[in-house]
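Shown below: target23.txt, with compact mmCIF, N, CA and C atoms.
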```
# COMPACT_ATOMS: atom_id res chain seq x y z
N ASN A 686 10.82 43.16 71.81
CA ASN A 686 10.93 44.28 72.73
C ASN A 686 10.03 45.42 72.26
N PRO A 687 9.36 46.07 73.18
CA PRO A 687 8.56 47.24 72.79
C PRO A 687 9.45 48.33 72.21
N GLY A 688 8.85 49.18 71.40
CA GLY A 688 9.59 50.31 70.86
C GLY A 688 9.19 50.64 69.44
N ILE A 689 9.90 51.62 68.89
CA ILE A 689 9.71 52.01 67.49
C ILE A 689 10.82 51.38 66.68
N TYR A 690 10.42 50.72 65.60
CA TYR A 690 11.36 50.01 64.73
C TYR A 690 11.31 50.58 63.32
N ARG A 691 12.44 50.66 62.70
CA ARG A 691 12.51 50.98 61.28
C ARG A 691 12.46 49.67 60.52
N PHE A 692 11.75 49.65 59.41
CA PHE A 692 11.65 48.48 58.55
C PHE A 692 12.37 48.79 57.24
N ILE A 693 13.16 47.83 56.79
CA ILE A 693 13.82 47.98 55.49
C ILE A 693 14.05 46.59 54.91
N TRP A 694 13.89 46.48 53.60
CA TRP A 694 14.24 45.22 52.96
C TRP A 694 15.26 45.46 51.86
N ARG A 695 15.94 44.39 51.53
CA ARG A 695 16.93 44.41 50.46
C ARG A 695 16.25 43.81 49.24
N SER A 696 16.09 44.62 48.20
CA SER A 696 15.34 44.15 47.05
C SER A 696 16.02 44.56 45.75
N ARG A 697 15.43 44.08 44.66
CA ARG A 697 16.04 44.31 43.34
C ARG A 697 14.96 44.29 42.27
N ILE A 698 15.11 45.14 41.27
CA ILE A 698 14.31 45.10 40.06
C ILE A 698 14.96 44.05 39.18
N THR A 699 14.25 42.95 38.90
CA THR A 699 14.89 41.83 38.22
C THR A 699 14.61 41.75 36.73
N GLU A 700 13.80 42.67 36.21
CA GLU A 700 13.55 42.67 34.77
C GLU A 700 13.26 44.09 34.32
N GLY A 701 13.74 44.42 33.13
CA GLY A 701 13.47 45.72 32.54
C GLY A 701 14.57 46.73 32.82
N ASP A 702 14.38 47.94 32.25
CA ASP A 702 15.39 48.99 32.41
C ASP A 702 14.78 50.28 32.96
N SER A 703 13.66 50.16 33.65
CA SER A 703 13.01 51.31 34.28
C SER A 703 13.12 51.19 35.79
N ASN A 704 13.48 52.28 36.45
CA ASN A 704 13.56 52.23 37.92
C ASN A 704 12.22 52.50 38.59
N THR A 705 11.15 52.63 37.80
CA THR A 705 9.81 52.82 38.38
C THR A 705 8.86 51.68 38.03
N GLU A 706 9.37 50.62 37.44
CA GLU A 706 8.58 49.42 37.14
C GLU A 706 9.25 48.23 37.83
N ALA A 707 8.47 47.25 38.21
CA ALA A 707 8.98 46.04 38.88
C ALA A 707 9.77 46.41 40.13
N ASN A 708 9.31 47.43 40.84
CA ASN A 708 10.10 47.97 41.96
C ASN A 708 9.35 48.04 43.28
N ASP A 709 8.18 47.39 43.41
CA ASP A 709 7.43 47.55 44.65
C ASP A 709 6.64 46.31 45.05
N THR A 710 6.35 46.23 46.35
CA THR A 710 5.61 45.13 46.96
C THR A 710 4.76 45.71 48.08
N TRP A 711 3.63 45.07 48.39
CA TRP A 711 2.76 45.51 49.49
C TRP A 711 3.32 45.06 50.83
N LEU A 712 3.10 45.88 51.87
CA LEU A 712 3.55 45.57 53.23
C LEU A 712 2.52 46.09 54.22
N ARG A 713 2.24 45.29 55.26
CA ARG A 713 1.44 45.79 56.39
C ARG A 713 1.76 45.02 57.66
N PHE A 714 1.48 45.66 58.77
CA PHE A 714 1.60 45.11 60.11
C PHE A 714 0.22 45.30 60.76
N PRO A 715 -0.72 44.37 60.55
CA PRO A 715 -2.10 44.60 60.95
C PRO A 715 -2.35 44.71 62.46
N ASP A 716 -1.48 44.13 63.28
CA ASP A 716 -1.73 44.17 64.72
C ASP A 716 -0.70 45.00 65.49
N ALA A 717 0.10 45.78 64.79
CA ALA A 717 1.06 46.68 65.46
C ALA A 717 0.29 47.86 66.07
N ASP A 718 0.88 48.51 67.03
CA ASP A 718 0.24 49.68 67.65
C ASP A 718 0.26 50.89 66.72
N ASP A 719 1.27 50.99 65.87
CA ASP A 719 1.30 52.05 64.87
C ASP A 719 2.18 51.59 63.72
N PHE A 720 1.85 52.06 62.53
CA PHE A 720 2.56 51.69 61.30
C PHE A 720 2.46 52.90 60.39
N TYR A 721 3.61 53.47 59.98
CA TYR A 721 3.59 54.73 59.25
C TYR A 721 4.87 54.92 58.45
N GLY A 722 4.81 55.87 57.53
CA GLY A 722 5.98 56.32 56.81
C GLY A 722 6.37 57.68 57.34
N MET A 723 7.68 57.93 57.47
CA MET A 723 8.12 59.21 58.02
C MET A 723 9.38 59.69 57.30
N LYS A 724 9.40 60.98 57.00
CA LYS A 724 10.57 61.62 56.41
C LYS A 724 11.48 62.12 57.54
N LEU A 725 12.71 62.46 57.19
CA LEU A 725 13.64 63.02 58.19
C LEU A 725 13.08 64.29 58.82
N SER A 726 12.26 65.02 58.08
CA SER A 726 11.66 66.26 58.59
C SER A 726 10.60 65.99 59.66
N GLY A 727 10.20 64.72 59.82
CA GLY A 727 9.15 64.37 60.77
C GLY A 727 7.78 64.25 60.15
N GLU A 728 7.64 64.57 58.87
CA GLU A 728 6.35 64.43 58.17
C GLU A 728 5.97 62.96 58.10
N ILE A 729 4.72 62.65 58.50
CA ILE A 729 4.24 61.26 58.59
C ILE A 729 3.09 61.04 57.62
N VAL A 730 3.02 59.82 57.06
CA VAL A 730 1.87 59.35 56.30
C VAL A 730 1.47 57.98 56.83
N TYR A 731 0.18 57.68 56.72
CA TYR A 731 -0.37 56.40 57.18
C TYR A 731 -0.93 55.62 56.01
N PRO A 732 -0.96 54.30 56.12
CA PRO A 732 -1.51 53.51 55.00
C PRO A 732 -2.97 53.85 54.73
N LYS A 733 -3.34 53.84 53.47
CA LYS A 733 -4.73 54.04 53.10
C LYS A 733 -5.57 52.90 53.70
N GLY A 734 -6.72 53.24 54.25
CA GLY A 734 -7.58 52.24 54.88
C GLY A 734 -7.28 52.02 56.34
N SER A 735 -6.31 52.74 56.90
CA SER A 735 -5.97 52.57 58.32
C SER A 735 -6.85 53.43 59.21
N GLY A 736 -7.59 54.37 58.62
CA GLY A 736 -8.41 55.29 59.40
C GLY A 736 -7.64 56.50 59.90
N LYS A 737 -6.36 56.61 59.52
CA LYS A 737 -5.52 57.73 59.95
C LYS A 737 -5.13 58.57 58.74
N THR A 738 -4.79 59.82 58.99
CA THR A 738 -4.32 60.72 57.95
C THR A 738 -3.11 61.47 58.47
N PRO A 739 -2.32 62.04 57.57
CA PRO A 739 -2.42 62.12 56.12
C PRO A 739 -2.04 60.80 55.45
N LEU A 740 -2.40 60.70 54.16
CA LEU A 740 -2.19 59.49 53.38
C LEU A 740 -1.04 59.68 52.39
N PRO A 741 -0.39 58.58 51.99
CA PRO A 741 0.69 58.68 51.01
C PRO A 741 0.16 58.91 49.61
N GLU A 742 1.03 59.40 48.74
CA GLU A 742 0.72 59.48 47.31
C GLU A 742 0.82 58.07 46.74
N GLY A 743 -0.04 57.77 45.77
CA GLY A 743 0.03 56.48 45.09
C GLY A 743 -0.98 55.48 45.61
N ALA A 744 -0.82 54.24 45.16
CA ALA A 744 -1.77 53.17 45.45
C ALA A 744 -1.72 52.74 46.91
N GLY A 745 -2.82 52.13 47.34
CA GLY A 745 -2.89 51.55 48.67
C GLY A 745 -4.33 51.39 49.11
N SER A 746 -4.56 50.47 50.04
CA SER A 746 -5.86 50.26 50.66
C SER A 746 -5.72 49.19 51.73
N GLY A 747 -6.71 49.07 52.59
CA GLY A 747 -6.74 47.99 53.56
C GLY A 747 -5.60 47.97 54.55
N GLY A 748 -4.95 49.12 54.78
CA GLY A 748 -3.83 49.17 55.72
C GLY A 748 -2.50 48.76 55.11
N TRP A 749 -2.45 48.56 53.79
CA TRP A 749 -1.22 48.18 53.09
C TRP A 749 -0.49 49.43 52.60
N PHE A 750 0.82 49.43 52.77
CA PHE A 750 1.69 50.41 52.11
C PHE A 750 2.23 49.77 50.84
N LYS A 751 2.32 50.55 49.77
CA LYS A 751 3.11 50.18 48.61
C LYS A 751 4.53 50.60 48.94
N VAL A 752 5.43 49.64 49.06
CA VAL A 752 6.82 49.91 49.44
C VAL A 752 7.69 49.71 48.21
N TYR A 753 8.46 50.75 47.88
CA TYR A 753 9.23 50.72 46.63
C TYR A 753 10.70 51.07 46.85
N MET A 754 11.44 50.80 45.78
CA MET A 754 12.84 51.22 45.65
C MET A 754 13.05 51.63 44.21
N ASN A 755 14.16 52.30 43.87
CA ASN A 755 14.38 52.73 42.48
C ASN A 755 15.80 52.47 41.99
N THR A 756 16.44 51.46 42.45
CA THR A 756 17.82 51.19 42.05
C THR A 756 17.85 50.11 40.99
N LEU A 757 18.43 50.41 39.84
CA LEU A 757 18.55 49.44 38.76
C LEU A 757 19.87 48.67 38.85
N GLY A 758 19.81 47.39 38.48
CA GLY A 758 21.02 46.60 38.28
C GLY A 758 21.74 46.13 39.51
N GLN A 759 21.15 46.28 40.70
CA GLN A 759 21.82 45.79 41.91
C GLN A 759 20.81 45.63 43.06
N TRP A 760 21.20 44.83 44.02
CA TRP A 760 20.42 44.71 45.24
C TRP A 760 20.61 45.99 46.04
N ALA A 761 19.54 46.48 46.67
CA ALA A 761 19.64 47.73 47.44
C ALA A 761 18.81 47.64 48.71
N TRP A 762 19.38 48.17 49.79
CA TRP A 762 18.64 48.34 51.05
C TRP A 762 17.89 49.66 50.94
N ARG A 763 16.68 49.61 50.42
CA ARG A 763 15.86 50.82 50.30
C ARG A 763 14.40 50.41 50.31
N SER A 764 13.63 51.00 51.20
CA SER A 764 12.21 50.69 51.33
C SER A 764 11.49 51.97 51.71
N THR A 765 10.78 52.55 50.75
CA THR A 765 10.07 53.79 51.02
C THR A 765 8.63 53.69 50.52
N THR A 766 7.80 54.61 50.99
CA THR A 766 6.42 54.69 50.55
C THR A 766 6.09 56.13 50.20
N SER A 767 5.02 56.36 49.49
CA SER A 767 4.52 57.64 49.02
C SER A 767 5.25 58.05 47.74
N ASP A 768 4.58 57.84 46.62
CA ASP A 768 5.16 58.10 45.30
C ASP A 768 5.72 59.51 45.19
N ARG A 769 6.93 59.61 44.65
CA ARG A 769 7.63 60.88 44.39
C ARG A 769 7.81 61.74 45.65
N ASP A 770 7.61 61.16 46.83
CA ASP A 770 7.77 61.86 48.11
C ASP A 770 8.18 60.83 49.16
N PRO A 771 9.37 60.22 49.03
CA PRO A 771 9.72 59.04 49.81
C PRO A 771 9.71 59.24 51.33
N HIS A 772 9.04 58.31 51.99
CA HIS A 772 8.98 58.24 53.45
C HIS A 772 9.51 56.87 53.87
N ASN A 773 10.41 56.84 54.84
CA ASN A 773 10.89 55.57 55.39
C ASN A 773 9.77 54.91 56.19
N ILE A 774 9.88 53.61 56.40
CA ILE A 774 8.83 52.81 57.02
C ILE A 774 9.16 52.55 58.49
N PHE A 775 8.16 52.78 59.35
CA PHE A 775 8.31 52.55 60.79
C PHE A 775 7.12 51.77 61.32
N VAL A 776 7.36 50.99 62.36
CA VAL A 776 6.30 50.23 63.03
C VAL A 776 6.55 50.32 64.53
N GLU A 777 5.48 50.43 65.30
CA GLU A 777 5.61 50.62 66.75
C GLU A 777 4.87 49.51 67.48
N PHE A 778 5.56 48.95 68.50
CA PHE A 778 5.00 47.92 69.36
C PHE A 778 5.08 48.43 70.80
N LYS A 779 3.94 48.54 71.47
CA LYS A 779 3.93 49.05 72.85
C LYS A 779 4.17 47.95 73.88
N ASN A 780 3.90 46.71 73.51
CA ASN A 780 4.05 45.59 74.45
C ASN A 780 4.85 44.47 73.80
N PRO A 781 5.60 43.70 74.62
CA PRO A 781 6.29 42.54 74.06
C PRO A 781 5.25 41.52 73.58
N GLY A 782 5.61 40.71 72.60
CA GLY A 782 4.69 39.68 72.12
C GLY A 782 4.96 39.31 70.68
N LYS A 783 4.06 38.52 70.11
CA LYS A 783 4.14 38.12 68.71
C LYS A 783 3.26 39.05 67.90
N TYR A 784 3.78 39.49 66.77
CA TYR A 784 3.05 40.37 65.88
C TYR A 784 3.13 39.82 64.46
N THR A 785 2.22 40.27 63.62
CA THR A 785 2.14 39.79 62.25
C THR A 785 2.68 40.82 61.27
N MET A 786 3.57 40.37 60.40
CA MET A 786 4.03 41.16 59.27
C MET A 786 3.53 40.44 58.02
N GLU A 787 2.90 41.18 57.11
CA GLU A 787 2.41 40.58 55.88
C GLU A 787 3.04 41.29 54.68
N ILE A 788 3.46 40.49 53.69
CA ILE A 788 3.89 41.04 52.41
C ILE A 788 3.04 40.37 51.34
N SER A 789 2.79 41.10 50.26
CA SER A 789 1.99 40.57 49.17
C SER A 789 2.55 41.12 47.86
N ALA A 790 2.58 40.27 46.86
CA ALA A 790 3.12 40.67 45.56
C ALA A 790 2.35 41.85 44.98
N ARG A 791 3.05 42.78 44.40
CA ARG A 791 2.44 43.89 43.67
C ARG A 791 3.02 43.94 42.26
N SER A 792 4.31 44.19 42.12
CA SER A 792 4.97 44.24 40.81
C SER A 792 5.60 42.89 40.50
N ALA A 793 5.32 42.40 39.30
CA ALA A 793 6.06 41.22 38.84
C ALA A 793 7.53 41.62 38.73
N TYR A 794 8.40 40.72 39.09
CA TYR A 794 9.85 40.90 38.97
C TYR A 794 10.46 41.82 40.01
N HIS A 795 9.74 42.10 41.10
CA HIS A 795 10.37 42.77 42.24
C HIS A 795 10.78 41.68 43.21
N ALA A 796 12.07 41.51 43.40
CA ALA A 796 12.60 40.44 44.25
C ALA A 796 12.99 41.00 45.61
N ILE A 797 12.69 40.24 46.66
CA ILE A 797 13.09 40.60 48.02
C ILE A 797 14.01 39.51 48.53
N ASP A 798 15.19 39.91 48.96
CA ASP A 798 16.22 38.99 49.41
C ASP A 798 16.14 38.78 50.92
N ARG A 799 15.97 39.85 51.67
CA ARG A 799 15.88 39.79 53.13
C ARG A 799 15.32 41.10 53.64
N PHE A 800 14.93 41.10 54.91
CA PHE A 800 14.43 42.33 55.52
C PHE A 800 14.91 42.39 56.96
N VAL A 801 14.89 43.59 57.51
CA VAL A 801 15.23 43.77 58.92
C VAL A 801 14.25 44.76 59.56
N LEU A 802 13.99 44.52 60.81
CA LEU A 802 13.30 45.46 61.70
C LEU A 802 14.34 45.81 62.75
N PHE A 803 14.64 47.09 62.91
CA PHE A 803 15.66 47.45 63.89
C PHE A 803 15.28 48.71 64.62
N GLN A 804 15.59 48.73 65.91
CA GLN A 804 15.33 49.92 66.70
C GLN A 804 16.30 51.01 66.27
N LEU A 805 15.93 52.24 66.52
CA LEU A 805 16.65 53.38 65.94
C LEU A 805 18.08 53.54 66.43
N ASP A 806 18.45 52.91 67.53
CA ASP A 806 19.82 53.03 68.02
C ASP A 806 20.76 52.01 67.36
N ILE A 807 20.26 51.23 66.40
CA ILE A 807 21.06 50.25 65.68
C ILE A 807 21.29 50.77 64.26
N PRO A 808 22.51 50.74 63.75
CA PRO A 808 22.77 51.27 62.41
C PRO A 808 21.99 50.52 61.33
N GLN A 809 21.61 51.25 60.30
CA GLN A 809 20.91 50.66 59.16
C GLN A 809 21.84 49.73 58.41
N PRO A 810 21.35 48.54 58.00
CA PRO A 810 22.19 47.65 57.21
C PRO A 810 22.48 48.25 55.84
N THR A 811 23.71 48.08 55.37
CA THR A 811 24.08 48.62 54.06
C THR A 811 24.83 47.61 53.20
N SER A 812 25.22 46.52 53.77
CA SER A 812 26.06 45.56 53.06
C SER A 812 25.32 44.26 52.79
N PRO A 813 25.53 43.66 51.61
CA PRO A 813 24.91 42.36 51.36
C PRO A 813 25.47 41.27 52.25
N SER A 814 26.58 41.53 52.94
CA SER A 814 27.16 40.51 53.81
C SER A 814 26.71 40.67 55.26
N VAL A 815 25.73 41.54 55.51
CA VAL A 815 25.26 41.74 56.88
C VAL A 815 24.78 40.41 57.46
N ASP A 816 25.13 40.15 58.71
CA ASP A 816 24.70 38.93 59.36
C ASP A 816 23.18 38.90 59.46
N VAL A 817 22.61 37.72 59.28
CA VAL A 817 21.17 37.56 59.39
C VAL A 817 20.88 36.45 60.38
N SER A 818 19.77 36.58 61.07
CA SER A 818 19.36 35.54 61.98
C SER A 818 18.18 34.78 61.38
N GLU A 819 17.97 33.59 61.88
CA GLU A 819 16.88 32.76 61.39
C GLU A 819 15.54 33.39 61.75
N LEU A 820 14.59 33.28 60.84
CA LEU A 820 13.24 33.77 61.06
C LEU A 820 12.32 32.57 61.09
N VAL A 821 11.58 32.41 62.18
CA VAL A 821 10.63 31.33 62.29
C VAL A 821 9.24 31.89 62.00
N CYS A 822 8.57 31.33 61.02
CA CYS A 822 7.25 31.81 60.62
C CYS A 822 6.19 30.81 61.06
N ASP A 823 5.13 31.31 61.68
CA ASP A 823 4.00 30.46 62.04
C ASP A 823 3.10 30.34 60.82
N SER A 824 2.54 29.18 60.63
CA SER A 824 1.65 29.01 59.48
C SER A 824 0.21 29.22 59.86
```
Represent the supplied structure as structure tokens.
Amino acid sequence: NPGIYRFIWRSRITEGDSNTEANDTWLRFPDADDFYGMKLSGEIVYPKGSGKTPLPEGAGSGGWFKVYMNTLGQWAWRSTTSDRDPHNIFVEFKNPGKYTMEISARSAYHAIDRFVLFQLDIPQPTSPSVDVSELVCDS
């Protein structure tokens, strides 16, 4: 369905005792109509290499966001971008259809259990027992 979606994944730091190491993975939506990080205040950042500004703090290029979390010792529903200035992740689709989501390893020992894309009128998942639907991936 067309619309603006929030993106969040459930992830975990699986090694070490630092909440700023082994805590991030790359994410991009190369064919979405818009892909950005946004704070509750409405401040927006765009992935480095997207041709849009302003840009997030920290690493990035080629339209990829570095998406991180900082929770030690447990799985957490938290996905933000822009170092030391967290912005939630949003993606916009203007037309119905198939779109591409890409993830790529960045930190060793950052584990991702599941992810959701949800329109803003749907509550954010908070429980590890949240129902999940099957995801069919094209190769």
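Interatomic distance, CA of Ala717 in chain A to atom N of Glu777 in chain A: 5.8 Å.
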Legend entry - Selected residue, from A:Val730, A:Arg713, A:Ile788, A:Ser735, that lies nearest to Phe750 in chain A when counting all atoms listed in the file: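 Nearest candidate to Phe750 in chain A out of A:Val730, A:Arg713, A:Ile788, A:Ser735: A:Arg713.
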Could the residues of range 770-795 of chain A that have an atom at most 12 Å from range 723-728 of chain A be listed as JSON lines, each with its closest atom pair and the distance in Å to one decimal, counting only C-alpha atoms and ordered by chain and ascending residue number?
```
{"residue": "A:Asp770", "atom": "CA", "partner": "A:Lys724", "partner_atom": "CA", "distance": 8.8}
{"residue": "A:Pro771", "atom": "CA", "partner": "A:Lys724", "partner_atom": "CA", "distance": 7.1}
{"residue": "A:His772", "atom": "CA", "partner": "A:Met723", "partner_atom": "CA", "distance": 4.8}
{"residue": "A:Asn773", "atom": "CA", "partner": "A:Met723", "partner_atom": "CA", "distance": 5.3}
{"residue": "A:Ile774", "atom": "CA", "partner": "A:Met723", "partner_atom": "CA", "distance": 6.5}
{"residue": "A:Phe775", "atom": "CA", "partner": "A:Met723", "partner_atom": "CA", "distance": 7.2}
{"residue": "A:Val776", "atom": "CA", "partner": "A:Met723", "partner_atom": "CA", "distance": 10.4}
```
Could you save the residues just selected, with N, CA and C atoms, as a PDB file, in the frame of the given file?
```pdb
ATOM      1  N   ASP A 770       7.610  61.160  46.830  1.00  0.00           N
ATOM      2  CA  ASP A 770       7.770  61.860  48.110  1.00  0.00           C
ATOM      3  C   ASP A 770       8.180  60.830  49.160  1.00  0.00           C
ATOM      4  N   PRO A 771       9.370  60.220  49.030  1.00  0.00           N
ATOM      5  CA  PRO A 771       9.720  59.040  49.810  1.00  0.00           C
ATOM      6  C   PRO A 771       9.710  59.240  51.330  1.00  0.00           C
ATOM      7  N   HIS A 772       9.040  58.310  51.990  1.00  0.00           N
ATOM      8  CA  HIS A 772       8.980  58.240  53.450  1.00  0.00           C
ATOM      9  C   HIS A 772       9.510  56.870  53.870  1.00  0.00           C
ATOM     10  N   ASN A 773      10.410  56.840  54.840  1.00  0.00           N
ATOM     11  CA  ASN A 773      10.890  55.570  55.390  1.00  0.00           C
ATOM     12  C   ASN A 773       9.770  54.910  56.190  1.00  0.00           C
ATOM     13  N   ILE A 774       9.880  53.610  56.400  1.00  0.00           N
ATOM     14  CA  ILE A 774       8.830  52.810  57.020  1.00  0.00           C
ATOM     15  C   ILE A 774       9.160  52.550  58.490  1.00  0.00           C
ATOM     16  N   PHE A 775       8.160  52.780  59.350  1.00  0.00           N
ATOM     17  CA  PHE A 775       8.310  52.550  60.790  1.00  0.00           C
ATOM     18  C   PHE A 775       7.120  51.770  61.320  1.00  0.00           C
ATOM     19  N   VAL A 776       7.360  50.990  62.360  1.00  0.00           N
ATOM     20  CA  VAL A 776       6.300  50.230  63.030  1.00  0.00           C
ATOM     21  C   VAL A 776       6.550  50.320  64.530  1.00  0.00           C
TER      22      VAL A 776
END
```
Legend entry - Among listed residues A:Ala790, A:Pro741, A:Phe778, A:Asn708, nearest Arg695 in chain A (using only C-alpha atoms): A:Asn708
Inset, instruction - May I ask which of the residues A:Ser789, A:Thr766, A:Asn686, A:Gln804 is the closest one to Pro732 in chain A, counting only C-alpha atoms? - result: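 Answer, going by the shortest atom-to-atom distance: A:Thr766.
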Inset, instruction - Mind giving me the straight-line distance from atom C of His795 in chain A to CA of Tyr731 in chain A in Å, one decimal? - result: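 Distance reported for this atom pair: 23.2 Å.
Proximity ranking of A:Lys733, A:Asp798, A:Asp716, A:Glu742 relative to Lys783 in chain A places A:Asp716 first, based on only N, CA and C atoms.
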Legend entry - Residue nearest Glu787 in chain A - candidates A:Thr765, A:Phe692, A:Pro715, A:Gly736, atoms counted: only C-alpha atoms: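 Smallest distance to Glu787 in chain A is found for A:Pro715.
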Inset, instruction - Kindly indicate which residue among A:Ser767, A:Leu740, A:Trp694, A:Pro687 lies nearest to Val801 in chain A, using only C-alpha atoms for the distances. - result: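 Answer, going by the shortest atom-to-atom distance: A:Trp694.
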Inset, instruction - Have a look at atom N of Gly748 in chain A and atom C of Phe720 in chain A and let me know their distance in Å, one decimal. - result: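 Answer for the atom N of Gly748 in chain A to atom C of Phe720 in chain A separation: 10.0 Å.
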Inset, instruction - Select from chain A everything DSSP, run on the backbone, classes as strand (DSSP E or B), then give the selection as a ChimeraX atom specification. - result: /A:688-698,709-713,719-723,729-730,750-753,761-762,765-766,772-778,787-790,795-804
